[in-house]
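Worksheet: one structure, shown below.
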Amino acid sequence: TIGAVVLVNLTAMVMSPSDWVGDDVDGTVNVLSTTVSEPEGIMISPQDKSYAYIGGITSTTLAVIDISSFWDAFVTLTRNDVGAQLVGATWLDQPHEGEEANFDSGLVFMASWGFDGGLLVVNTTDNSRDPPELSRSVSYKTSQANRVKLYPHGGFAFVPLEQELGGVAVFDISDVKDIKLNSTWA
């Protein structure tokens, strides 16, 4: 075990905040061990809310966790060499007004940290437990990619780069099976 994910049952939080500390919170917090070191990126499957996808700051591992039962949550899949941090976004957590995006709502876009950082896309539509990777675009130009902001109308993803001077990468995601780096600014 390298890291852990803390699950909190918010439906049980009907007590006052001063009661949340100590042994009286039995039934509200569950800690799940995982091989993902320093978990940071946590995405819930937009298609099947029974699965969470976990990436870590100093890890290149993607863990898929079955969260359908609060106390019986477990890691269903660990995939190595996916990318570090893996902080992601879906169309469902970044709604846009006006014309709807012409994208599958089961897609999860993840920023991949590292010397060769970038963006990758997995599809949770048909198999949330073991989602296939559809596409990946990595480069030294997009090292230390962190977070994703989707812009559906133009078919772009904006990814901040936590490099020495900072920057932004723009990816063309109009074809999710072949995403491409469009440009970077520092």
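Labels used: A, B, ... for chains in the order of the structure tokens, numbers from 1 for residues in each chain, and numbers from 1 for ligands as shown.
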Could you build a table of the residues in region 106-181 of chain A lying no more than 10 Å from region 45-50 of chain A, giving for each the nearest pair of atoms and their separation in Å rounded to one decimal place, using only C-alpha atoms, ordered by chain and ascending residue number, as a Markdown table?
| residue | atom | partner | partner_atom | distance |
| --- | --- | --- | --- | --- |
| A:Gly106 | CA | A:Gln47 | CA | 5.3 |
| A:Leu107 | CA | A:Pro46 | CA | 7.9 |
| A:Val108 | CA | A:Ser45 | CA | 7.7 |
| A:Asn123 | CA | A:Ser45 | CA | 9.3 |
| A:Thr124 | CA | A:Ser45 | CA | 6.4 |
| A:Thr125 | CA | A:Gln47 | CA | 5.8 |
| A:Asp126 | CA | A:Gln47 | CA | 8.5 |
| A:Asn127 | CA | A:Asp48 | CA | 8.9 |
| A:Ser128 | CA | A:Asp48 | CA | 6.5 |
| A:Arg129 | CA | A:Ser50 | CA | 9.0 |
| A:Pro131 | CA | A:Ser45 | CA | 9.8 |
Contact table region 36-114 of chain A vs region 138-146 of chain A, cut-off 8 Å, shortest pair per residue, only C-alpha atoms, as CSV:
residue,atom,partner,partner_atom,distance
A:Gln85,CA,A:Asn146,CA,7.6
A:Leu86,CA,A:Asn146,CA,7.8
A:Val87,CA,A:Asn146,CA,6.5
A:Ala111,CA,A:Asn146,CA,5.5
A:Ser112,CA,A:Ala145,CA,5.7
A:Trp113,CA,A:Gln144,CA,4.4
A:Gly114,CA,A:Gln144,CA,5.1
Could you dump the residues just selected with all heavy atoms as an mmCIF file, in the first residue's frame?
data_model
loop_
_atom_site.group_PDB
_atom_site.id
_atom_site.type_symbol
_atom_site.label_atom_id
_atom_site.label_comp_id
_atom_site.auth_asym_id
_atom_site.auth_seq_id
_atom_site.Cartn_x
_atom_site.Cartn_y
_atom_site.Cartn_z
ATOM 1 N N GLN A 85 -0.604 11.984 -11.713
ATOM 2 C CA GLN A 85 -1.595 12.905 -11.196
ATOM 3 C C GLN A 85 -2.991 12.587 -11.734
ATOM 4 O O GLN A 85 -3.890 12.328 -10.972
ATOM 5 C CB GLN A 85 -1.211 14.351 -11.499
ATOM 6 C CG GLN A 85 -1.808 15.315 -10.526
ATOM 7 C CD GLN A 85 -1.057 16.632 -10.516
ATOM 8 O OE1 GLN A 85 0.077 16.731 -10.958
ATOM 9 N NE2 GLN A 85 -1.679 17.640 -9.997
ATOM 10 N N LEU A 86 -3.195 12.654 -13.032
ATOM 11 C CA LEU A 86 -4.450 12.279 -13.672
ATOM 12 C C LEU A 86 -5.655 13.015 -13.104
ATOM 13 O O LEU A 86 -6.656 12.419 -12.737
ATOM 14 C CB LEU A 86 -4.670 10.756 -13.597
ATOM 15 C CG LEU A 86 -3.580 9.906 -14.234
ATOM 16 C CD1 LEU A 86 -3.849 8.422 -14.017
ATOM 17 C CD2 LEU A 86 -3.452 10.207 -15.717
ATOM 18 N N VAL A 87 -5.574 14.326 -13.047
ATOM 19 C CA VAL A 87 -6.721 15.131 -12.646
ATOM 20 C C VAL A 87 -7.564 15.336 -13.889
ATOM 21 O O VAL A 87 -7.062 15.773 -14.918
ATOM 22 C CB VAL A 87 -6.281 16.477 -12.046
ATOM 23 C CG1 VAL A 87 -7.485 17.327 -11.691
ATOM 24 C CG2 VAL A 87 -5.428 16.230 -10.806
ATOM 25 N N ALA A 111 -5.614 15.044 -17.401
ATOM 26 C CA ALA A 111 -4.306 15.671 -17.573
ATOM 27 C C ALA A 111 -3.265 14.728 -17.001
ATOM 28 O O ALA A 111 -3.432 14.194 -15.906
ATOM 29 C CB ALA A 111 -4.269 17.012 -16.858
ATOM 30 N N SER A 112 -2.205 14.526 -17.731
ATOM 31 C CA SER A 112 -1.140 13.614 -17.305
ATOM 32 C C SER A 112 0.119 14.409 -17.012
ATOM 33 O O SER A 112 0.700 15.023 -17.895
ATOM 34 C CB SER A 112 -0.870 12.581 -18.390
ATOM 35 O OG SER A 112 0.157 11.710 -17.999
ATOM 36 N N TRP A 113 0.513 14.419 -15.758
ATOM 37 C CA TRP A 113 1.686 15.140 -15.277
ATOM 38 C C TRP A 113 2.949 14.373 -15.652
ATOM 39 O O TRP A 113 2.913 13.164 -15.808
ATOM 40 C CB TRP A 113 1.563 15.240 -13.758
ATOM 41 C CG TRP A 113 2.662 15.923 -13.042
ATOM 42 C CD1 TRP A 113 3.825 15.348 -12.629
ATOM 43 C CD2 TRP A 113 2.720 17.267 -12.640
ATOM 44 N NE1 TRP A 113 4.603 16.270 -11.984
ATOM 45 C CE2 TRP A 113 3.933 17.466 -11.979
ATOM 46 C CE3 TRP A 113 1.849 18.348 -12.777
ATOM 47 C CZ2 TRP A 113 4.301 18.684 -11.444
ATOM 48 C CZ3 TRP A 113 2.217 19.551 -12.242
ATOM 49 C CH2 TRP A 113 3.431 19.712 -11.591
ATOM 50 N N GLY A 114 4.065 15.048 -15.760
ATOM 51 C CA GLY A 114 5.335 14.367 -15.984
ATOM 52 C C GLY A 114 6.186 15.114 -16.979
ATOM 53 O O GLY A 114 5.774 16.121 -17.560
#
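Nearest to Gly155 (chain A) of all the residues A:Ile179, A:Leu7, A:Pro132, A:Gly88 is A:Ile179, based on only C-alpha atoms.
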I'd like the interatomic distance between CA of Ala169 (chain A) and CA of Ala89 (chain A), to a tenth of an Å.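 Atom-to-atom, CA of Ala169 (chain A) and CA of Ala89 (chain A) are spaced 15.3 Å apart.
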Please provide as a PDB file with all heavy atoms, in the first residue's frame all residues within 12 Å of Leu77 (chain A), with the sequence filter that same-chain residues fewer than 4 positions apart are discarded (counting only C-alpha atoms).
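Written output follows (part-v3.pdb):
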ATOM      1  N   THR A  34      -4.652   1.909  -1.343  1.00  0.00           N
ATOM      2  CA  THR A  34      -4.454   1.770  -2.779  1.00  0.00           C
ATOM      3  C   THR A  34      -2.959   1.857  -3.095  1.00  0.00           C
ATOM      4  O   THR A  34      -2.187   2.350  -2.289  1.00  0.00           O
ATOM      5  CB  THR A  34      -5.227   2.857  -3.551  1.00  0.00           C
ATOM      6  OG1 THR A  34      -4.913   2.754  -4.936  1.00  0.00           O
ATOM      7  CG2 THR A  34      -4.907   4.244  -3.072  1.00  0.00           C
ATOM      8  N   THR A  35      -2.569   1.405  -4.263  1.00  0.00           N
ATOM      9  CA  THR A  35      -1.170   1.492  -4.682  1.00  0.00           C
ATOM     10  C   THR A  35      -0.869   2.817  -5.369  1.00  0.00           C
ATOM     11  O   THR A  35       0.261   3.043  -5.787  1.00  0.00           O
ATOM     12  CB  THR A  35      -0.812   0.338  -5.633  1.00  0.00           C
ATOM     13  OG1 THR A  35      -1.688   0.378  -6.759  1.00  0.00           O
ATOM     14  CG2 THR A  35      -0.919  -1.004  -4.920  1.00  0.00           C
ATOM     15  N   VAL A  36      -1.838   3.701  -5.480  1.00  0.00           N
ATOM     16  CA  VAL A  36      -1.619   5.022  -6.059  1.00  0.00           C
ATOM     17  C   VAL A  36      -0.996   5.907  -4.987  1.00  0.00           C
ATOM     18  O   VAL A  36      -1.583   6.112  -3.934  1.00  0.00           O
ATOM     19  CB  VAL A  36      -2.942   5.649  -6.553  1.00  0.00           C
ATOM     20  CG1 VAL A  36      -2.725   7.070  -7.030  1.00  0.00           C
ATOM     21  CG2 VAL A  36      -3.560   4.792  -7.639  1.00  0.00           C
ATOM     22  N   TYR A  51     -18.268   3.817  -9.930  1.00  0.00           N
ATOM     23  CA  TYR A  51     -16.824   3.695 -10.093  1.00  0.00           C
ATOM     24  C   TYR A  51     -16.141   5.052  -9.999  1.00  0.00           C
ATOM     25  O   TYR A  51     -16.635   6.052 -10.524  1.00  0.00           O
ATOM     26  CB  TYR A  51     -16.474   3.045 -11.437  1.00  0.00           C
ATOM     27  CG  TYR A  51     -16.933   1.616 -11.493  1.00  0.00           C
ATOM     28  CD1 TYR A  51     -18.152   1.276 -12.061  1.00  0.00           C
ATOM     29  CD2 TYR A  51     -16.158   0.603 -10.932  1.00  0.00           C
ATOM     30  CE1 TYR A  51     -18.585  -0.042 -12.079  1.00  0.00           C
ATOM     31  CE2 TYR A  51     -16.588  -0.713 -10.956  1.00  0.00           C
ATOM     32  CZ  TYR A  51     -17.802  -1.022 -11.524  1.00  0.00           C
ATOM     33  OH  TYR A  51     -18.229  -2.316 -11.534  1.00  0.00           O
ATOM     34  N   ALA A  52     -14.992   5.047  -9.322  1.00  0.00           N
ATOM     35  CA  ALA A  52     -14.147   6.236  -9.235  1.00  0.00           C
ATOM     36  C   ALA A  52     -12.792   5.904  -9.839  1.00  0.00           C
ATOM     37  O   ALA A  52     -12.310   4.776  -9.727  1.00  0.00           O
ATOM     38  CB  ALA A  52     -13.988   6.667  -7.779  1.00  0.00           C
ATOM     39  N   TYR A  53     -12.184   6.906 -10.476  1.00  0.00           N
ATOM     40  CA  TYR A  53     -10.877   6.759 -11.108  1.00  0.00           C
ATOM     41  C   TYR A  53      -9.894   7.629 -10.339  1.00  0.00           C
ATOM     42  O   TYR A  53     -10.116   8.828 -10.164  1.00  0.00           O
ATOM     43  CB  TYR A  53     -10.947   7.164 -12.586  1.00  0.00           C
ATOM     44  CG  TYR A  53     -12.057   6.432 -13.282  1.00  0.00           C
ATOM     45  CD1 TYR A  53     -13.289   7.032 -13.482  1.00  0.00           C
ATOM     46  CD2 TYR A  53     -11.895   5.105 -13.663  1.00  0.00           C
ATOM     47  CE1 TYR A  53     -14.328   6.337 -14.070  1.00  0.00           C
ATOM     48  CE2 TYR A  53     -12.930   4.407 -14.251  1.00  0.00           C
ATOM     49  CZ  TYR A  53     -14.145   5.024 -14.453  1.00  0.00           C
ATOM     50  OH  TYR A  53     -15.176   4.332 -15.022  1.00  0.00           O
ATOM     51  N   ILE A  54      -8.795   7.026  -9.873  1.00  0.00           N
ATOM     52  CA  ILE A  54      -7.861   7.690  -8.977  1.00  0.00           C
ATOM     53  C   ILE A  54      -6.475   7.761  -9.611  1.00  0.00           C
ATOM     54  O   ILE A  54      -5.950   6.753 -10.082  1.00  0.00           O
ATOM     55  CB  ILE A  54      -7.738   6.920  -7.637  1.00  0.00           C
ATOM     56  CG1 ILE A  54      -9.105   6.551  -7.072  1.00  0.00           C
ATOM     57  CG2 ILE A  54      -6.880   7.695  -6.645  1.00  0.00           C
ATOM     58  CD1 ILE A  54      -9.979   7.693  -6.678  1.00  0.00           C
ATOM     59  N   THR A  61       0.081   5.438 -11.875  1.00  0.00           N
ATOM     60  CA  THR A  61      -0.926   4.389 -11.800  1.00  0.00           C
ATOM     61  C   THR A  61      -2.328   4.976 -11.832  1.00  0.00           C
ATOM     62  O   THR A  61      -2.599   5.989 -11.191  1.00  0.00           O
ATOM     63  CB  THR A  61      -0.742   3.583 -10.496  1.00  0.00           C
ATOM     64  OG1 THR A  61       0.562   3.010 -10.507  1.00  0.00           O
ATOM     65  CG2 THR A  61      -1.774   2.490 -10.358  1.00  0.00           C
ATOM     66  N   LEU A  62      -3.204   4.331 -12.563  1.00  0.00           N
ATOM     67  CA  LEU A  62      -4.639   4.630 -12.529  1.00  0.00           C
ATOM     68  C   LEU A  62      -5.305   3.485 -11.781  1.00  0.00           C
ATOM     69  O   LEU A  62      -5.130   2.322 -12.135  1.00  0.00           O
ATOM     70  CB  LEU A  62      -5.215   4.727 -13.941  1.00  0.00           C
ATOM     71  CG  LEU A  62      -6.738   4.859 -14.031  1.00  0.00           C
ATOM     72  CD1 LEU A  62      -7.198   6.194 -13.457  1.00  0.00           C
ATOM     73  CD2 LEU A  62      -7.199   4.704 -15.468  1.00  0.00           C
ATOM     74  N   ALA A  63      -6.044   3.812 -10.738  1.00  0.00           N
ATOM     75  CA  ALA A  63      -6.811   2.796 -10.005  1.00  0.00           C
ATOM     76  C   ALA A  63      -8.288   3.038 -10.254  1.00  0.00           C
ATOM     77  O   ALA A  63      -8.747   4.185 -10.266  1.00  0.00           O
ATOM     78  CB  ALA A  63      -6.510   2.866  -8.512  1.00  0.00           C
ATOM     79  N   VAL A  64      -9.018   1.966 -10.466  1.00  0.00           N
ATOM     80  CA  VAL A  64     -10.469   2.037 -10.598  1.00  0.00           C
ATOM     81  C   VAL A  64     -11.049   1.420  -9.338  1.00  0.00           C
ATOM     82  O   VAL A  64     -10.703   0.292  -8.971  1.00  0.00           O
ATOM     83  CB  VAL A  64     -10.967   1.290 -11.856  1.00  0.00           C
ATOM     84  CG1 VAL A  64     -12.478   1.379 -11.961  1.00  0.00           C
ATOM     85  CG2 VAL A  64     -10.301   1.855 -13.106  1.00  0.00           C
ATOM     86  N   ILE A  65     -11.925   2.168  -8.660  1.00  0.00           N
ATOM     87  CA  ILE A  65     -12.479   1.726  -7.387  1.00  0.00           C
ATOM     88  C   ILE A  65     -13.987   1.585  -7.509  1.00  0.00           C
ATOM     89  O   ILE A  65     -14.672   2.496  -7.980  1.00  0.00           O
ATOM     90  CB  ILE A  65     -12.131   2.723  -6.263  1.00  0.00           C
ATOM     91  CG1 ILE A  65     -10.612   2.801  -6.100  1.00  0.00           C
ATOM     92  CG2 ILE A  65     -12.795   2.347  -4.959  1.00  0.00           C
ATOM     93  CD1 ILE A  65     -10.143   3.834  -5.115  1.00  0.00           C
ATOM     94  N   ASP A  66     -14.491   0.436  -7.091  1.00  0.00           N
ATOM     95  CA  ASP A  66     -15.935   0.205  -7.038  1.00  0.00           C
ATOM     96  C   ASP A  66     -16.438   0.855  -5.755  1.00  0.00           C
ATOM     97  O   ASP A  66     -16.096   0.436  -4.654  1.00  0.00           O
ATOM     98  CB  ASP A  66     -16.223  -1.293  -7.030  1.00  0.00           C
ATOM     99  CG  ASP A  66     -17.712  -1.598  -7.055  1.00  0.00           C
ATOM    100  OD1 ASP A  66     -18.504  -0.840  -6.452  1.00  0.00           O
ATOM    101  OD2 ASP A  66     -18.090  -2.608  -7.676  1.00  0.00           O
ATOM    102  N   ASN A 127     -17.807   0.128 -20.324  1.00  0.00           N
ATOM    103  CA  ASN A 127     -17.131  -0.675 -19.319  1.00  0.00           C
ATOM    104  C   ASN A 127     -16.477   0.246 -18.291  1.00  0.00           C
ATOM    105  O   ASN A 127     -15.306   0.586 -18.414  1.00  0.00           O
ATOM    106  CB  ASN A 127     -16.087  -1.582 -19.975  1.00  0.00           C
ATOM    107  CG  ASN A 127     -15.500  -2.569 -18.999  1.00  0.00           C
ATOM    108  OD1 ASN A 127     -15.751  -2.509 -17.789  1.00  0.00           O
ATOM    109  ND2 ASN A 127     -14.707  -3.490 -19.504  1.00  0.00           N
ATOM    110  N   SER A 128     -17.235   0.637 -17.283  1.00  0.00           N
ATOM    111  CA  SER A 128     -16.714   1.537 -16.262  1.00  0.00           C
ATOM    112  C   SER A 128     -15.653   0.869 -15.407  1.00  0.00           C
ATOM    113  O   SER A 128     -14.777   1.517 -14.856  1.00  0.00           O
ATOM    114  CB  SER A 128     -17.848   2.036 -15.366  1.00  0.00           C
ATOM    115  OG  SER A 128     -18.732   2.820 -16.110  1.00  0.00           O
ATOM    116  N   ARG A 129     -15.728  -0.446 -15.280  1.00  0.00           N
ATOM    117  CA  ARG A 129     -14.787  -1.187 -14.427  1.00  0.00           C
ATOM    118  C   ARG A 129     -13.381  -1.227 -15.027  1.00  0.00           C
ATOM    119  O   ARG A 129     -12.394  -1.169 -14.322  1.00  0.00           O
ATOM    120  CB  ARG A 129     -15.302  -2.601 -14.212  1.00  0.00           C
ATOM    121  CG  ARG A 129     -14.319  -3.481 -13.459  1.00  0.00           C
ATOM    122  CD  ARG A 129     -14.896  -4.804 -13.186  1.00  0.00           C
ATOM    123  NE  ARG A 129     -15.493  -4.708 -11.871  1.00  0.00           N
ATOM    124  CZ  ARG A 129     -15.983  -5.716 -11.199  1.00  0.00           C
ATOM    125  NH1 ARG A 129     -15.984  -6.907 -11.733  1.00  0.00           N
ATOM    126  NH2 ARG A 129     -16.487  -5.558 -10.019  1.00  0.00           N
ATOM    127  N   ASP A 130     -13.274  -1.327 -16.332  1.00  0.00           N
ATOM    128  CA  ASP A 130     -11.986  -1.381 -17.018  1.00  0.00           C
ATOM    129  C   ASP A 130     -12.088  -0.535 -18.290  1.00  0.00           C
ATOM    130  O   ASP A 130     -12.147  -1.059 -19.396  1.00  0.00           O
ATOM    131  CB  ASP A 130     -11.627  -2.827 -17.353  1.00  0.00           C
ATOM    132  CG  ASP A 130     -10.237  -2.973 -17.947  1.00  0.00           C
ATOM    133  OD1 ASP A 130      -9.499  -1.969 -18.015  1.00  0.00           O
ATOM    134  OD2 ASP A 130      -9.890  -4.094 -18.341  1.00  0.00           O
ATOM    135  N   PRO A 131     -12.112   0.797 -18.133  1.00  0.00           N
ATOM    136  CA  PRO A 131     -12.371   1.657 -19.291  1.00  0.00           C
ATOM    137  C   PRO A 131     -11.209   1.668 -20.276  1.00  0.00           C
ATOM    138  O   PRO A 131     -10.053   1.807 -19.885  1.00  0.00           O
ATOM    139  CB  PRO A 131     -12.541   3.043 -18.661  1.00  0.00           C
ATOM    140  CG  PRO A 131     -11.756   2.980 -17.405  1.00  0.00           C
ATOM    141  CD  PRO A 131     -11.873   1.567 -16.920  1.00  0.00           C
ATOM    142  N   PRO A 132     -11.508   1.502 -21.559  1.00  0.00           N
ATOM    143  CA  PRO A 132     -10.436   1.527 -22.552  1.00  0.00           C
ATOM    144  C   PRO A 132      -9.922   2.947 -22.779  1.00  0.00           C
ATOM    145  O   PRO A 132     -10.686   3.907 -22.731  1.00  0.00           O
ATOM    146  CB  PRO A 132     -11.104   0.987 -23.813  1.00  0.00           C
ATOM    147  CG  PRO A 132     -12.553   1.274 -23.630  1.00  0.00           C
ATOM    148  CD  PRO A 132     -12.806   1.216 -22.148  1.00  0.00           C
TER     149      PRO A 132
END
Counting only C-alpha atoms, which residue out of A:Pro152, A:Gly167, A:Gly83, A:Pro39 sits closest to Gly56 (chain A)?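 Closest to Gly56 (chain A), using only C-alpha atoms: A:Pro39.
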